[in-house]
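File shown: my_file-v8.txt. Contents: compact mmCIF, C-alpha atoms.
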```txt
# COMPACT_ATOMS: atom_id res chain seq x y z
CA MET D 1 -13.52 11.85 -22.75
CA ILE D 2 -12.90 8.18 -22.15
CA GLU D 3 -13.00 5.88 -25.08
CA ALA D 4 -12.65 2.12 -24.89
CA ARG D 5 -12.29 0.29 -28.16
CA LYS D 6 -13.13 -3.38 -28.45
CA ILE D 7 -11.76 -4.42 -25.11
CA SER D 8 -11.52 -8.12 -24.39
CA LYS D 9 -10.10 -9.80 -21.34
CA ILE D 10 -9.48 -13.51 -21.23
CA TYR D 11 -8.38 -15.28 -18.10
CA SER D 12 -7.01 -18.75 -17.91
CA VAL D 13 -8.21 -20.75 -14.95
CA VAL D 14 -7.72 -24.32 -13.83
CA ASN D 15 -10.88 -26.35 -13.57
CA GLN D 16 -11.59 -29.17 -11.14
CA HIS D 17 -9.88 -31.74 -13.37
CA GLY D 18 -6.68 -29.74 -13.32
CA ILE D 19 -6.98 -28.67 -16.93
CA ALA D 20 -6.43 -25.07 -17.98
CA GLU D 21 -9.51 -23.40 -19.41
CA LYS D 22 -10.01 -19.97 -20.79
CA ILE D 23 -12.69 -17.75 -19.42
CA THR D 24 -13.79 -14.67 -21.30
CA ALA D 25 -14.51 -12.01 -18.71
CA VAL D 26 -15.09 -9.15 -21.12
CA GLN D 27 -15.72 -9.55 -24.82
CA SER D 28 -15.19 -6.73 -27.30
CA VAL D 29 -16.71 -3.93 -25.29
CA SER D 30 -16.63 -0.46 -26.78
CA LEU D 31 -17.90 2.53 -24.92
CA THR D 32 -17.51 6.27 -24.98
CA VAL D 33 -18.02 8.48 -21.97
CA GLN D 34 -18.32 12.25 -22.32
CA ASP D 35 -16.74 14.60 -19.82
CA GLY D 36 -18.68 15.62 -16.74
CA ARG D 37 -21.17 12.81 -16.81
CA ILE D 38 -22.13 10.04 -14.47
CA VAL D 39 -22.28 6.74 -16.25
CA SER D 40 -23.37 3.41 -14.80
CA LEU D 41 -22.29 -0.03 -15.81
CA LEU D 42 -25.14 -2.25 -14.74
CA GLY D 43 -25.18 -6.01 -14.69
CA PRO D 44 -25.32 -9.15 -12.58
CA SER D 45 -22.39 -10.14 -10.39
CA GLY D 46 -19.54 -11.77 -12.20
CA CYS D 47 -20.27 -10.35 -15.62
CA GLY D 48 -16.94 -8.64 -16.00
CA LYS D 49 -17.91 -5.07 -15.18
CA SER D 50 -15.36 -4.83 -12.37
CA THR D 51 -12.74 -6.21 -14.73
CA LEU D 52 -13.62 -3.54 -17.27
CA LEU D 53 -13.34 -0.90 -14.57
CA GLU D 54 -9.90 -2.13 -13.56
CA ILE D 55 -8.82 -2.05 -17.17
CA LEU D 56 -10.04 1.53 -17.47
CA ALA D 57 -8.14 2.37 -14.30
CA GLY D 58 -4.97 0.93 -15.73
CA LEU D 59 -4.70 -1.80 -13.11
CA GLN D 60 -5.11 -4.66 -15.53
CA ILE D 61 -3.97 -5.10 -19.07
CA PRO D 62 -6.61 -6.00 -21.62
CA THR D 63 -6.03 -9.02 -23.81
CA GLU D 64 -7.25 -7.07 -26.79
CA GLY D 65 -8.32 -3.52 -27.36
CA GLU D 66 -7.20 -0.10 -26.34
CA VAL D 67 -8.24 2.60 -23.93
CA PHE D 68 -8.00 6.25 -24.91
CA ILE D 69 -8.39 9.10 -22.46
CA ASP D 70 -8.72 12.49 -24.14
CA GLY D 71 -7.38 10.96 -27.32
CA VAL D 72 -4.21 9.60 -25.69
CA ARG D 73 -3.64 5.87 -25.69
CA VAL D 74 -3.08 4.89 -22.09
CA LEU D 75 -2.95 1.13 -22.23
CA GLU D 76 -1.24 -1.21 -24.56
CA PRO D 77 -2.41 -4.78 -24.88
CA LEU D 78 -0.09 -7.63 -24.07
CA PRO D 79 2.31 -8.63 -26.84
CA SER D 80 1.41 -11.52 -29.08
CA SER D 81 4.47 -12.36 -31.16
CA ARG D 82 7.61 -13.86 -29.69
CA ARG D 83 9.72 -10.85 -30.56
CA GLU D 84 7.33 -8.47 -28.83
CA ILE D 85 7.21 -10.69 -25.76
CA GLU D 86 11.00 -10.51 -25.53
CA LEU D 87 10.93 -6.71 -25.70
CA TYR D 88 8.11 -6.58 -23.18
CA ARG D 89 10.03 -8.78 -20.75
CA ARG D 90 13.12 -6.67 -21.06
CA LYS D 91 11.12 -3.53 -20.45
CA TYR D 92 9.29 -4.74 -17.37
CA ARG D 93 11.73 -7.24 -15.95
CA PHE D 94 12.33 -5.72 -12.56
CA LEU D 95 8.97 -4.15 -12.18
CA SER D 96 5.42 -5.15 -11.69
CA PRO D 97 3.54 -6.06 -14.87
CA LEU D 98 2.01 -2.61 -14.88
CA ALA D 99 5.21 -0.77 -15.74
CA ASN D 100 5.40 0.89 -12.39
CA ARG D 101 8.49 2.97 -11.80
CA LEU D 102 10.87 1.94 -9.07
CA ILE D 103 11.55 5.22 -7.32
CA ARG D 104 9.41 7.92 -8.82
CA ASN D 105 6.29 7.56 -10.84
CA THR D 106 5.44 9.77 -13.72
CA LEU D 107 1.71 10.03 -13.59
CA LYS D 108 -0.08 8.57 -16.49
CA TYR D 109 -3.69 8.80 -15.49
CA ASP D 110 -5.69 11.44 -13.76
CA ILE D 111 -7.97 8.87 -12.28
CA ALA D 112 -9.15 8.04 -8.79
CA VAL D 113 -10.63 4.67 -8.00
CA ILE D 114 -12.98 3.73 -5.18
CA PHE D 115 -13.03 0.01 -4.64
CA GLN D 116 -15.78 -2.26 -3.49
CA ASP D 117 -14.44 -2.56 0.04
CA TYR D 118 -12.96 0.95 -0.07
CA ALA D 119 -9.31 -0.15 0.26
CA ILE D 120 -8.43 2.64 2.64
CA PHE D 121 -5.27 1.76 4.51
CA PRO D 122 -6.07 0.51 8.02
CA TRP D 123 -2.62 1.44 9.32
CA MET D 124 -3.06 5.14 8.64
CA THR D 125 -5.34 7.55 10.43
CA VAL D 126 -8.17 9.22 8.55
CA LEU D 127 -6.11 12.33 7.96
CA LYS D 128 -3.02 10.43 6.91
CA ASN D 129 -4.96 8.41 4.36
CA VAL D 130 -5.92 11.57 2.52
CA VAL D 131 -2.50 13.15 3.01
CA PHE D 132 -0.87 10.05 1.55
CA ALA D 133 -3.05 10.31 -1.54
CA LEU D 134 -2.12 13.98 -1.95
CA LYS D 135 1.54 13.15 -1.47
CA MET D 136 1.33 10.58 -4.23
CA ARG D 137 -0.04 13.24 -6.54
CA GLY D 138 2.85 15.55 -5.78
CA VAL D 139 1.02 18.17 -3.77
CA ASP D 140 3.31 20.52 -1.89
CA ARG D 141 4.27 19.47 1.63
CA HIS D 142 2.75 22.49 3.36
CA GLU D 143 -0.52 22.44 1.48
CA ARG D 144 -1.27 18.75 1.99
CA LYS D 145 -2.69 18.90 5.47
CA ASP D 146 -4.93 21.91 4.90
CA LYS D 147 -6.25 20.48 1.69
CA ALA D 148 -6.93 17.11 3.30
CA ILE D 149 -8.83 18.74 6.15
CA GLU D 150 -10.83 20.81 3.69
CA TYR D 151 -11.97 17.75 1.77
CA LEU D 152 -12.67 15.80 4.95
CA LYS D 153 -14.88 18.66 6.06
CA ARG D 154 -16.89 18.32 2.87
CA VAL D 155 -17.81 14.77 3.80
CA ASP D 156 -18.40 15.56 7.50
CA LEU D 157 -15.39 13.71 8.82
CA SER D 158 -13.54 16.68 10.29
CA SER D 159 -14.13 15.52 13.86
CA ASP D 160 -12.54 12.10 13.34
CA LEU D 161 -9.20 13.13 11.89
CA ASN D 162 -7.05 11.03 14.19
CA LYS D 163 -9.13 7.88 14.28
CA TYR D 164 -8.13 4.71 12.55
CA PRO D 165 -10.41 3.23 9.89
CA SER D 166 -11.21 0.25 12.10
CA GLN D 167 -12.90 2.66 14.49
CA LEU D 168 -15.20 4.09 11.84
CA SER D 169 -18.59 2.81 10.73
CA GLY D 170 -19.18 1.49 7.22
CA GLY D 171 -20.76 4.70 5.99
CA MET D 172 -17.95 6.80 7.41
CA ARG D 173 -15.36 4.59 5.73
CA GLN D 174 -17.20 5.05 2.47
CA ARG D 175 -17.17 8.80 2.92
CA LEU D 176 -13.46 8.67 3.71
CA ALA D 177 -12.83 6.79 0.48
CA LEU D 178 -14.87 9.42 -1.34
CA ALA D 179 -12.87 12.22 0.27
CA ARG D 180 -9.63 10.54 -0.67
CA ALA D 181 -10.76 10.18 -4.26
CA LEU D 182 -11.94 13.77 -4.49
CA ALA D 183 -8.95 15.30 -2.73
CA VAL D 184 -6.59 14.44 -5.55
CA GLU D 185 -8.87 16.41 -7.89
CA PRO D 186 -9.08 13.80 -10.60
CA LYS D 187 -10.77 14.21 -13.94
CA ILE D 188 -12.33 10.80 -13.69
CA ILE D 189 -13.57 8.83 -10.70
CA LEU D 190 -14.17 5.13 -11.10
CA MET D 191 -16.38 3.47 -8.52
CA ASP D 192 -16.76 -0.24 -8.01
CA GLU D 193 -20.06 -0.94 -6.24
CA PRO D 194 -19.40 1.82 -3.77
CA PHE D 195 -22.65 1.58 -1.85
CA ALA D 196 -23.04 -2.16 -1.75
CA ALA D 197 -22.00 -2.66 1.86
CA VAL D 198 -24.06 0.01 3.63
CA ASP D 199 -27.69 0.00 4.72
CA THR D 200 -30.45 1.60 2.66
CA LEU D 201 -30.77 4.86 4.58
CA THR D 202 -27.04 5.48 4.65
CA ARG D 203 -26.88 4.59 1.01
CA GLU D 204 -29.47 7.19 0.05
CA ARG D 205 -27.63 9.80 2.06
CA LEU D 206 -24.31 8.88 0.48
CA GLN D 207 -25.86 9.03 -2.97
CA ASP D 208 -27.12 12.53 -2.29
CA ASP D 209 -23.71 13.49 -0.90
CA LEU D 210 -22.09 12.15 -4.02
CA LEU D 211 -24.42 14.11 -6.25
CA GLY D 212 -23.79 17.27 -4.26
CA LEU D 213 -20.05 16.87 -4.58
CA TRP D 214 -20.40 16.02 -8.24
CA LYS D 215 -22.37 19.21 -8.89
CA MET D 216 -19.56 21.18 -7.27
CA THR D 217 -16.69 19.55 -9.11
CA LYS D 218 -18.23 18.20 -12.34
CA VAL D 219 -15.91 15.25 -12.60
CA THR D 220 -16.65 12.30 -14.83
CA ILE D 221 -17.87 9.37 -12.78
CA ILE D 222 -18.08 5.80 -13.95
CA LEU D 223 -20.09 3.71 -11.55
CA VAL D 224 -20.26 -0.05 -11.47
CA THR D 225 -23.34 -1.38 -9.76
CA HIS D 226 -25.84 -4.19 -9.69
CA ASP D 227 -28.54 -2.04 -8.12
CA ILE D 228 -30.92 -0.91 -10.86
CA SER D 229 -32.60 1.92 -8.98
CA GLU D 230 -29.23 3.28 -7.87
CA ALA D 231 -27.97 3.28 -11.44
CA LEU D 232 -31.09 5.07 -12.67
CA TYR D 233 -31.10 7.63 -9.90
CA LEU D 234 -27.46 8.62 -10.16
CA SER D 235 -26.54 8.46 -13.77
CA ASP D 236 -26.97 10.16 -17.11
CA GLU D 237 -26.31 7.03 -19.08
CA VAL D 238 -26.68 3.37 -18.25
CA PHE D 239 -24.84 0.54 -19.96
CA VAL D 240 -26.46 -2.83 -19.32
CA PHE D 241 -24.11 -5.80 -19.27
CA SER D 242 -24.95 -9.42 -19.83
CA SER D 243 -22.82 -12.17 -18.42
CA ASN D 244 -20.99 -15.10 -20.00
CA PRO D 245 -19.26 -13.49 -21.78
CA GLY D 246 -19.53 -9.92 -20.53
CA THR D 247 -20.71 -7.62 -23.26
CA ILE D 248 -22.77 -4.48 -23.40
CA GLN D 249 -26.34 -5.47 -24.16
CA ASN D 250 -28.22 -2.19 -24.02
CA HIS D 251 -27.45 1.46 -23.68
CA PHE D 252 -29.90 3.90 -22.16
CA LEU D 253 -29.77 7.66 -22.08
CA ILE D 254 -31.86 9.12 -19.32
CA ASP D 255 -33.84 12.26 -20.24
CA GLU D 256 -32.64 15.41 -18.63
CA LEU D 257 -36.15 16.02 -17.37
CA HIS D 258 -36.30 12.90 -15.28
CA ARG D 259 -32.72 12.80 -14.09
CA ARG D 260 -32.05 12.48 -10.39
CA ARG D 261 -35.60 12.49 -9.12
CA ARG D 262 -36.19 9.71 -6.70
CA ASN D 263 -39.87 9.04 -7.33
CA SER D 264 -40.38 10.07 -10.91
CA PRO D 265 -42.81 7.73 -12.74
CA GLN D 266 -40.74 7.70 -15.92
CA LEU D 267 -37.77 6.38 -14.03
CA HIS D 268 -40.03 3.81 -12.45
CA ASP D 269 -41.16 2.63 -15.89
CA LEU D 270 -37.58 2.46 -17.04
CA GLU D 271 -36.71 0.47 -13.94
CA GLN D 272 -39.39 -2.10 -14.75
CA LYS D 273 -38.09 -2.30 -18.28
CA LEU D 274 -34.55 -2.80 -17.09
CA ILE D 275 -35.56 -5.51 -14.67
CA LYS D 276 -37.22 -7.35 -17.56
CA ILE D 277 -34.10 -6.97 -19.69
CA CYS D 278 -31.85 -8.20 -16.93
CA LYS D 279 -34.08 -11.20 -16.31
CA TYR D 280 -34.08 -11.99 -19.99
CA ASN D 281 -30.30 -11.70 -20.17
CA HIS D 282 -29.97 -13.93 -17.20
CA ARG D 283 -32.15 -16.65 -18.71
CA SER D 284 -30.47 -16.84 -22.07
CA MET I 1 11.42 -11.54 -2.58
CA GLY I 2 7.70 -11.50 -1.95
CA TRP I 3 7.50 -8.27 -3.87
CA ASN I 4 9.03 -9.24 -7.17
CA LEU I 5 8.52 -12.35 -9.22
CA PHE I 6 11.90 -12.10 -10.91
CA ILE I 7 13.80 -12.02 -7.63
CA ARG I 8 11.59 -14.75 -6.20
CA LYS I 9 12.22 -17.06 -9.10
CA HIS I 10 15.96 -16.66 -9.01
CA ILE I 11 16.84 -16.33 -5.33
CA LEU I 12 14.21 -18.29 -3.43
CA PRO I 13 15.49 -21.75 -4.56
CA LEU I 14 18.91 -20.90 -3.17
CA PHE I 15 17.51 -20.11 0.24
CA GLN I 16 15.22 -23.09 0.16
CA LEU I 17 18.25 -25.25 -0.42
CA LEU I 18 20.25 -23.71 2.40
CA ALA I 19 17.52 -23.30 5.00
CA PRO I 20 16.97 -26.97 5.89
CA VAL I 21 20.61 -27.31 6.97
CA PRO I 22 20.30 -27.25 10.77
CA PRO I 23 22.21 -24.29 12.22
CA PRO I 24 24.28 -26.47 14.63
CA ALA I 25 25.64 -28.29 11.58
CA TRP I 26 27.29 -25.03 10.62
CA VAL I 27 29.41 -25.03 13.76
CA PRO I 28 32.50 -26.94 12.55
CA ILE I 29 32.86 -25.03 9.28
CA THR I 30 32.30 -21.72 11.04
CA ILE I 31 35.07 -22.50 13.49
CA ILE I 32 37.39 -23.28 10.58
CA LEU I 33 36.43 -20.09 8.79
CA PHE I 34 36.24 -17.59 11.63
CA GLY I 35 38.29 -19.25 14.32
CA VAL I 36 37.12 -19.30 17.90
CA GLY I 37 35.90 -15.92 18.91
CA LEU I 38 33.21 -13.30 18.80
CA SER I 39 32.77 -13.23 15.03
CA MET I 40 32.05 -16.96 14.95
CA LYS I 41 29.42 -16.62 17.66
CA LEU I 42 27.84 -13.68 15.90
CA PHE I 43 27.71 -15.54 12.63
CA LEU I 44 26.10 -18.57 14.25
CA ILE I 45 23.46 -16.46 15.99
CA PHE I 46 22.79 -14.70 12.71
CA LEU I 47 22.35 -18.02 10.95
CA GLY I 48 19.91 -19.22 13.56
CA ALA I 49 17.79 -16.12 13.45
CA PHE I 50 17.99 -15.42 9.74
CA TYR I 51 15.86 -18.12 8.17
CA PRO I 52 12.74 -17.86 10.31
CA ILE I 53 12.74 -14.10 9.83
CA LEU I 54 13.36 -14.38 6.11
CA PHE I 55 10.68 -16.91 5.36
CA ASN I 56 8.00 -15.41 7.56
CA THR I 57 8.58 -11.97 6.09
CA TYR I 58 8.56 -13.37 2.59
CA GLN I 59 5.27 -15.10 3.15
CA ALA I 60 3.67 -12.04 4.68
CA VAL I 61 4.81 -9.76 1.89
CA LYS I 62 3.61 -12.22 -0.71
CA ASP I 63 0.19 -12.36 0.89
CA THR I 64 -0.33 -8.62 0.93
CA GLU I 65 -3.90 -7.81 -0.03
CA PRO I 66 -3.94 -6.91 -3.70
CA ARG I 67 -6.69 -4.36 -3.21
CA TYR I 68 -4.41 -2.19 -1.07
CA LEU I 69 -1.75 -2.46 -3.74
CA SER I 70 -4.06 -1.54 -6.57
CA SER I 71 -5.52 1.25 -4.51
CA ALA I 72 -2.08 2.73 -3.91
CA ARG I 73 -1.10 2.15 -7.52
CA SER I 74 -4.14 3.95 -8.79
CA LEU I 75 -3.12 6.90 -6.66
CA GLY I 76 0.19 6.84 -8.46
CA ALA I 77 2.50 5.19 -5.96
CA SER I 78 5.88 3.99 -7.18
CA GLU I 79 7.26 0.62 -6.15
CA LEU I 80 9.44 2.13 -3.45
CA THR I 81 6.49 3.87 -1.83
CA LEU I 82 4.57 0.64 -2.13
CA ILE I 83 7.26 -1.17 -0.20
CA LEU I 84 7.57 1.50 2.47
CA ASN I 85 3.91 2.36 2.85
CA VAL I 86 1.96 -0.77 1.99
CA TYR I 87 4.00 -3.96 2.09
CA PHE I 88 5.84 -3.07 5.28
CA TRP I 89 2.83 -2.04 7.29
CA HIS I 90 0.67 -4.84 6.02
CA SER I 91 3.20 -7.50 7.02
CA LEU I 92 4.38 -5.79 10.19
CA GLY I 93 2.68 -8.22 12.56
CA ALA I 94 4.24 -11.21 10.84
CA ILE I 95 7.65 -9.55 10.76
CA ILE I 96 7.65 -8.92 14.50
CA MET I 97 6.34 -12.40 15.16
CA SER I 98 9.18 -13.82 13.09
CA ILE I 99 11.72 -11.71 14.95
CA LYS I 100 10.41 -13.27 18.16
CA THR I 101 11.03 -16.74 16.72
CA GLY I 102 14.40 -15.46 15.58
CA VAL I 103 15.26 -14.35 19.11
CA ALA I 104 14.52 -17.82 20.44
CA MET I 105 16.62 -19.44 17.72
CA GLY I 106 19.38 -16.92 18.36
CA LEU I 107 19.52 -17.91 22.02
CA VAL I 108 19.75 -21.56 21.04
CA MET I 109 22.65 -20.77 18.74
CA LEU I 110 24.29 -18.63 21.41
CA VAL I 111 24.40 -21.53 23.82
CA ILE I 112 25.62 -23.94 21.16
CA ALA I 113 28.31 -21.55 19.98
CA GLU I 114 29.56 -21.03 23.50
CA MET I 115 29.51 -24.73 24.26
CA HIS I 116 31.76 -25.38 21.31
CA GLY I 117 34.15 -22.54 21.24
CA GLY I 118 33.80 -20.24 24.22
CA ARG I 119 36.06 -19.48 27.09
CA SER I 120 33.31 -17.59 28.86
CA GLY I 121 29.57 -17.09 28.69
CA ILE I 122 26.51 -18.95 29.77
CA GLY I 123 26.85 -21.92 27.47
CA TYR I 124 30.44 -22.42 28.61
CA LEU I 125 29.36 -22.17 32.22
CA LEU I 126 26.72 -24.79 31.59
CA MET I 127 29.22 -27.21 30.12
CA GLU I 128 31.67 -26.57 32.88
CA SER I 129 29.14 -27.21 35.62
CA LYS I 130 28.21 -30.41 33.83
CA GLU I 131 31.84 -31.54 34.15
CA PHE I 132 31.75 -30.94 37.90
CA PHE I 133 28.12 -32.04 38.38
CA GLN I 134 27.02 -28.72 39.86
CA ILE I 135 23.28 -28.91 39.40
CA PRO I 136 22.45 -25.52 41.04
CA HIS I 137 24.85 -23.81 38.62
CA MET I 138 23.16 -25.43 35.67
CA ILE I 139 19.72 -24.38 36.86
CA VAL I 140 20.87 -20.80 37.41
CA CYS I 141 22.24 -20.71 33.86
CA MET I 142 18.95 -21.94 32.48
CA ILE I 143 17.00 -19.38 34.46
CA ILE I 144 19.29 -16.60 33.20
CA LEU I 145 18.75 -17.72 29.62
CA GLY I 146 15.01 -17.77 30.14
CA VAL I 147 15.01 -14.29 31.63
CA ILE I 148 17.09 -12.93 28.74
CA GLY I 149 14.69 -14.43 26.19
CA TRP I 150 11.65 -13.16 28.04
CA PHE I 151 13.14 -9.70 28.28
CA LEU I 152 13.94 -9.52 24.57
CA ILE I 153 10.45 -10.67 23.65
CA GLU I 154 8.93 -8.09 25.97
CA VAL I 155 11.00 -5.41 24.23
CA LEU I 156 9.62 -6.64 20.90
CA ASN I 157 6.09 -6.59 22.29
CA TYR I 158 6.61 -2.99 23.27
CA ILE I 159 7.86 -2.09 19.79
CA GLU I 160 4.91 -3.87 18.24
CA LEU I 161 2.52 -1.96 20.47
CA LYS I 162 4.09 1.33 19.44
CA LEU I 163 4.14 0.58 15.73
CA ALA I 164 0.91 -1.31 15.26
CA LEU I 165 -1.29 1.13 17.09
CA TRP I 166 -3.97 0.73 14.45
CA LYS I 167 -4.44 -2.90 15.43
CA VAL I 168 -5.20 -2.18 19.05
CA ALA I 169 -7.08 1.03 18.31
CA ARG I 170 -10.38 -0.78 17.89
CA SER I 171 -12.16 0.18 21.05
```

Just give me the structure as structure tokens.
Amino acid sequence: MIEARKISKIYSVVNQHGIAEKITAVQSVSLTVQDGRIVSLLGPSGCGKSTLLEILAGLQIPTEGEVFIDGVRVLEPLPSSRREIELYRRKYRFLSPLANRLIRNTLKYDIAVIFQDYAIFPWMTVLKNVVFALKMRGVDRHERKDKAIEYLKRVDLSSDLNKYPSQLSGGMRQRLALARALAVEPKIILMDEPFAAVDTLTRERLQDDLLGLWKMTKVTIILVTHDISEALYLSDEVFVFSSNPGTIQNHFLIDELHRRRRNSPQLHDLEQKLIKICKYNHRS
Amino acid sequence: MGWNLFIRKHILPLFQLLAPVPPPAWVPITIILFGVGLSMKLFLIFLGAFYPILFNTYQAVKDTEPRYLSSARSLGASELTLILNVYFWHSLGAIIMSIKTGVAMGLVMLVIAEMHGGRSGIGYLLMESKEFFQIPHMIVCMIILGVIGWFLIEVLNYIELKLALWKVARS
């Protein structure tokens, strides 16, 4: 179970007059996600849903609020008093701000992230990308390759093991990213607009692939998207964001009866409703 | 230096202060320190090649795409793996390019070092033929220098081709 409590993220940016301004990307967002569910965060671009996802993934530190995964606090907010700042500096002086270990990492999260533009490494072959991920998770040297091939087979990439990502098409790259995320057998997969860059037909196929794999593994998936029909088709729950500042506006549970049917009329009604809500949010 | 803010803040100013000193200006003090000999030449060549390589590599490492970093971090990579598996490969092209510049600068420093304190070598030969006005000798020296530089850069090209296969793999 993932629990986010009152998360806020404030950036400081410099405006065109050269004066520092603060921008609230996410404002006191609380959400709870049960295990084994697909949850969508839906909202217009730039409303802070990607920021929230990165906070959940542990890649950014929230200004306020805490993230709990299975009841364990995984993120601490930045210090506020001078004394705490001093301690914080001493702790993280030689490292990146995310408390990364220098030589060996003790794993904190059992999370895999799929980014908007996939972020698969272009200097590794398809096979090596997955093997690298397994290596990072401490899988035994002899098992890595077999396991990687097994997961690549699941996404129909077993014939392109030794190609480089630049030789693959967009859909194949997406499937590679999916394989890499699944191969580490995470409890939670976070996806940041995973199907934004592929054409409609490929997207529908990838969505079905994703659902098939999800049924097999039953991982928790948190999906960030701005595509309403995609959110409705894939997920059990939908959180609707509004922008400026990013907060959760509405929360929908989709009936089990209508879940994951492409042309169900109830979903169509809900889609119309959501479009209205989004338009309204946008105006205000 | 590109990797860590702490190191960057504390060491970069030092290099920025030292780098603008033209390498030939180091010649007199190097001769005092090392005497006339191989170690002085080596040190001068090192000085010539060091700064272009350092600054280009620094810039390339600093500009590493953050999405690759966060992707590797979310997989649980430690900083050492990040350096070996992400930073290095991402800035490989720039590193090799900077080594090429470094080779050219190294040749310059080789000639200068030999002009000032050599009893043999191409730079010395050049100076000597200048004394006796032997133009063919001078031209031969220049051609030899050019061929050496070209050869070294070809070697680097070959290494780049072997290492950065993923860049040429787009067919």

- Message: For a quick test of understanding: name the residues of chain I lying within 12 Å of chain D when counting all atoms listed in the file, and present them as JSON, numbers by chain.
- Response: {"I": [1, 2, 3, 4, 5, 6, 7, 8, 9, 65, 66, 67, 68, 69, 70, 71, 72, 73, 74, 75, 76, 77, 78, 79, 80, 81, 82, 83, 84, 85, 86, 87, 88, 89, 90, 91, 92, 93, 163, 164, 165, 166, 167, 168, 169, 170, 171]}

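We find CA of Asp227 in chain D and CA of Gly36 in chain D to be spaced 22.0 Å apart.
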
- Pick from I:Asn56, I:Ala25, I:Ile99, I:Leu107, whichever lies nearest to Leu42 in chain I using all atoms listed in the file: I:Leu107

- Item | range 211-216 of chain D environment, 9 Å, only C-alpha atoms, sequence neighbours closer than 5 positions dropped, as a PyMOL selection string | chain D and resi 36+38+154-155+182+206+221+234+260

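With CA of Asp160 in chain D on one side and CA of Asp140 in chain D on the other, the separation reads 23.5 Å.
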
- How many Å separate CA of Thr64 in chain I from CA of His226 in chain D? 28.0 Å

- Query: What would the list of residues within 9 Å of (-25.6, 9.3, -13.6) (file frame) look like as an NGL selection string, if all atoms listed in the file are what count?
  - Reply: :D and (37-40 or 211 or 221-223 or 231-238 or 254 or 259-260)

Within-9 Å shell of (15.2, -16.2, 16.2) in input frame, all atoms listed in the file, as a CSV table (one decimal) with C-alpha atoms, in the coordinates of the input:
```csv
chain,number,residue,atom,x,y,z
I,45,ILE,CA,23.5,-16.5,16.0
I,46,PHE,CA,22.8,-14.7,12.7
I,48,GLY,CA,19.9,-19.2,13.6
I,49,ALA,CA,17.8,-16.1,13.4
I,50,PHE,CA,18.0,-15.4,9.7
I,51,TYR,CA,15.9,-18.1,8.2
I,52,PRO,CA,12.7,-17.9,10.3
I,53,ILE,CA,12.7,-14.1,9.8
I,98,SER,CA,9.2,-13.8,13.1
I,99,ILE,CA,11.7,-11.7,15.0
I,100,LYS,CA,10.4,-13.3,18.2
I,101,THR,CA,11.0,-16.7,16.7
I,102,GLY,CA,14.4,-15.5,15.6
I,103,VAL,CA,15.3,-14.4,19.1
I,104,ALA,CA,14.5,-17.8,20.4
I,105,MET,CA,16.6,-19.4,17.7
I,106,GLY,CA,19.4,-16.9,18.4
I,107,LEU,CA,19.5,-17.9,22.0
I,108,VAL,CA,19.8,-21.6,21.0
```

Give the centre and edge lengths of an axis-aligned box, in Å to one decimal, that holds all listed atoms of range 268-274 of chain D with 3 Å on each side, as lines of an AutoDock Vina configuration file.
```
center_x = -37.9
center_y = 0.5
center_z = -15.4
size_x = 12.6
size_y = 12.6
size_z = 11.8
```

- Task: Between D:Ser229, D:Ser243, D:Ser169, D:Thr220, single out the one closest to Val33 in chain D, counting only C-alpha atoms.
- Result: D:Thr220

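Of the listed residues I:Glu114, I:Phe55, I:Ile139, I:Asp63, the one whose atoms come nearest to Leu38 in chain I is I:Glu114, with distances taken using only C-alpha atoms.
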
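The closest residue to Asn157 in chain I, picked from I:Met97, I:Leu110, I:Leu33, I:Met127 and counting all atoms listed in the file, is I:Met97.
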
- Task: Determine, counting all atoms listed in the file, which protein, DNA and RNA residues have an atom within 12 Å of an atom of Tyr280 in chain D; residues of the same chain fewer than 5 positions away are not included. Present the result as a ChimeraX atom specification.
- Result: /D:43-44,240-243,249,273-275

- Message: Need to verify the contact set: Cys47 in chain D, 12 Å, all atoms listed in the file, exclusion of same-chain residues closer than 4 positions in sequence. Can you return it as a PyMOL selection string?
- Response: chain D and resi 9+23-27+41-43+51-53+224-226+240-249+278+281-282

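Residue nearest Arg5 in chain D, chosen from D:Gly65, D:Val130, D:Gln34, D:Leu56 and counting all atoms listed in the file: D:Gly65.
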
- What's the 10 Å shell around Met115 in chain I, counting all atoms listed in the file, without same-chain residues fewer than 5 positions away, as a ChimeraX atom specification? /I:109-110,120-128

How would the residues just picked look written out with C-alpha atoms as a tab-separated table (two decimals), keeping the file's coordinate frame?
```tsv
chain	number	residue	atom	x	y	z
I	109	MET	CA	22.65	-20.77	18.74
I	110	LEU	CA	24.29	-18.63	21.41
I	120	SER	CA	33.31	-17.59	28.86
I	121	GLY	CA	29.57	-17.09	28.69
I	122	ILE	CA	26.51	-18.95	29.77
I	123	GLY	CA	26.85	-21.92	27.47
I	124	TYR	CA	30.44	-22.42	28.61
I	125	LEU	CA	29.36	-22.17	32.22
I	126	LEU	CA	26.72	-24.79	31.59
I	127	MET	CA	29.22	-27.21	30.12
I	128	GLU	CA	31.67	-26.57	32.88
```
